[in-house]
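Trainee: Before we start, here is the structure in question, set down as structure tokens.
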Protein chains: 2
Amino acid sequence: MLTAIIVAGGSSRRMGFDKTFAPLHGRPVIAHTIAAFEASSVVDEIILVGREERLAELKEAAAQQPFAKVRNIVAGGARRQDSVSAGLIMADRDSRYVAVHDAARCLVTPAQIERVFVSARANGAAALASPVVDTLKRATANSTISGSVDREGLFAMQTPQIFLRELLLEAYQRVTKKKLQITDEVSAVQNLGRKVMLVSHLEVNLKITYPTDLLLAEAVLARRREEEASGN
Amino acid sequence: MLTAIIVAGGSSRRMGFDKTFAPLHGRPVIAHTIAAFEASSVVDEIILVGREERLAELKEAAAQQPFAKVRNIVAGGARRQDSVSAGLIMADRDSRYVAVHDAARCLVTPAQIERVFVSARANGAAALASPVVDTLKRATANSTISGSVDREGLFAMQTPQIFLRELLLEAYQRVTKKKLQITDEVSAVQNLGRKVMLVSHLEVNLKITYPTDLLLAEAVLARRREEEASGN
């Protein structure tokens with residue numbers, strides 16, 4: 001059994017408005033994200049984690065469509081890791097695996113979720129990622145370039161990230177105990193010294209961060225609709 | 001005086017076809033790129049560097065519109081650095097500054113070119129870049145995550161990269177002499193021990209790499225046209 005925790009906790013300071021509910025192709029961003037997990041045959045239940053003050057709105061967005069797998073809609077915390085924790089304790093006790101996903105990655109596909117799940121079942125922990133194609137440099141605070149970073153074998157981590165539920169619980173206990181600051185669940189599990197596998201892909205898995213991202217997401221969704229209409 | 005060298009040298013193995021001439025919003029990708037430099041008031045001449053076997057096509061694309069600043073269209077080499085060298089020796093001797101730009105970054109704007117030029121005039125060397133927002137991890141060949149890379153102060157390098165012409169010539173002489181492999185001009189100039197400034201931005205400066213990028217570029221161009229039409 002697989003529980004998906006979709007985290008819509010961010011304060012979205014960069015957008016100036018909450019990207020979770022931004023209109024995209026006729027429905028809120030979050031509805032696209034939920035729909036992908038709802039459509040995936042490997043997902044059994046969905047837990048939504050949102051900001052306390054927007055919880056009513058989150059419930060409304062989740063009720064717009066008949067999402068049968070949404071079991072819980074709970075309030076998150078100040079940091080991402082607090083929000084994931086809040087979702088994690090709500091997972092069904094029979095759930096062997098937990099997927100953590102950013103609500104803002106609304107273009108995720110059931111096929112991507114399933115690829116990560118296959119790897120997580122084989123290895124205990126797996127995360128979606130794309131190879132870094134840019135030349136990377138470090139810069140000082142005054143914008144002088146101070147060094148290079150080798151991009152060989154370097155990946156930009158995305159979500160979903162899927163783990164054995166017991167492993168993620170253990171990792172989060174350690175994060176809490178040691179007062180660690182983490183940017184994703186892979187970092188939490190790595191901190192236990194446990195192996196995490198990458199599931200590398202080259203498709204679009206945009207995270208809505210800036211207003212222009214909504215424009216790009218619109219284009220991708222319009223194209224998908226065209227392809228569906230033409231039977232591809 | 002500023003010479004822009006637009007490099008269309010890549011073999012585009014990832015696309016399966018040459019992205020330089022892919023149709024985008026009614027004209028080839030390269031025509032959009034040239035148009036941005038043509039429209040920039042700080043650019044005096046443009047040199048196009050293309051693949052030997054597609055040179056006729058490159059000339060045709062450059063002739064589709066009245067691009068008054070295109071002075072030379074020359075064949076590049078096997079590696080990016082060979083192509084930049086081929087363009088660099090064609091620059092007007094009166095040109096104090098040289099901008100190097102990837103043909104595939106077809107959404108670049110005159111405003112971005114000008115921002116980089118302002119920094120290059122003040123510092124001798126400057127490059128456009130965006131802060132890395134993803135969590136980065138290293139992975140081994142068998143896809144096991146093997147380590148993390150701190151994203152603090154990390155930037156994805158883009159083009160244009162603008163330099164004093166003499167500085168870039170000196171950097172390229174060293175690259176040739178020492179048989180160095182470089183991924184961008186910043187690396188060449190850094191190798192001289194010279195300072196390069198970052199010009200950080202958060203706008204779109206997409207490099208056409210995969211077919212889906214064309215789709216995203218279409219969306220951005222359509223939006224720009226709408227904004228122009230509405231007088232924004």
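All residue names refer to the structure tokens as shown: chains lettered A, B, ... in order, residues numbered from 1 in each chain, ligands numbered from 1 in order.
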Output as JSON, numbers by chain the set of chain B residues within 9 Å of chain A, with distances taken over only C-alpha atoms.
Mentor: {"B": [132, 134, 135, 136, 137, 138, 139, 140, 141, 142, 143, 144, 145, 146, 147, 148, 149, 151, 152, 153, 154, 155, 156, 157, 158, 183, 184, 186, 187, 190, 195, 196, 197, 198, 199, 200, 202, 203, 204, 210, 212, 215, 216, 217, 218, 219, 220, 223]}
Trainee: To test your reading of the structure, identify every residue in segment 27-230 of chain B that backbone DSSP assigns to alpha helix (DSSP H), and report it as a VMD selection string.
Mentor: chain B and resid 29 to 39 55 to 63 80 to 88 110 to 123 165 to 177 185 to 190 211 to 229
Trainee: For Gly124 of chain B, which residue out of B:Leu180, B:Val189, B:Ala35, B:Leu164 is the nearest one, using only C-alpha atoms?
Mentor: B:Leu164
Trainee: Applying 12 Å and only C-alpha atoms, which residues near Leu55 of chain B remain after dropping the ones on its own chain fewer than 5 positions away? List them as an NGL selection string.
Mentor: :B and (8-9 or 20-21 or 48-50 or 60-62 or 72-76)
Trainee: Could you give me, as a ChimeraX atom specification, each residue of segment 89-163 of chain A that DSSP assigns to strand (DSSP E) when run on this structure's backbone?
Mentor: /A:97-102,125-131,135-139,145-149,154-163
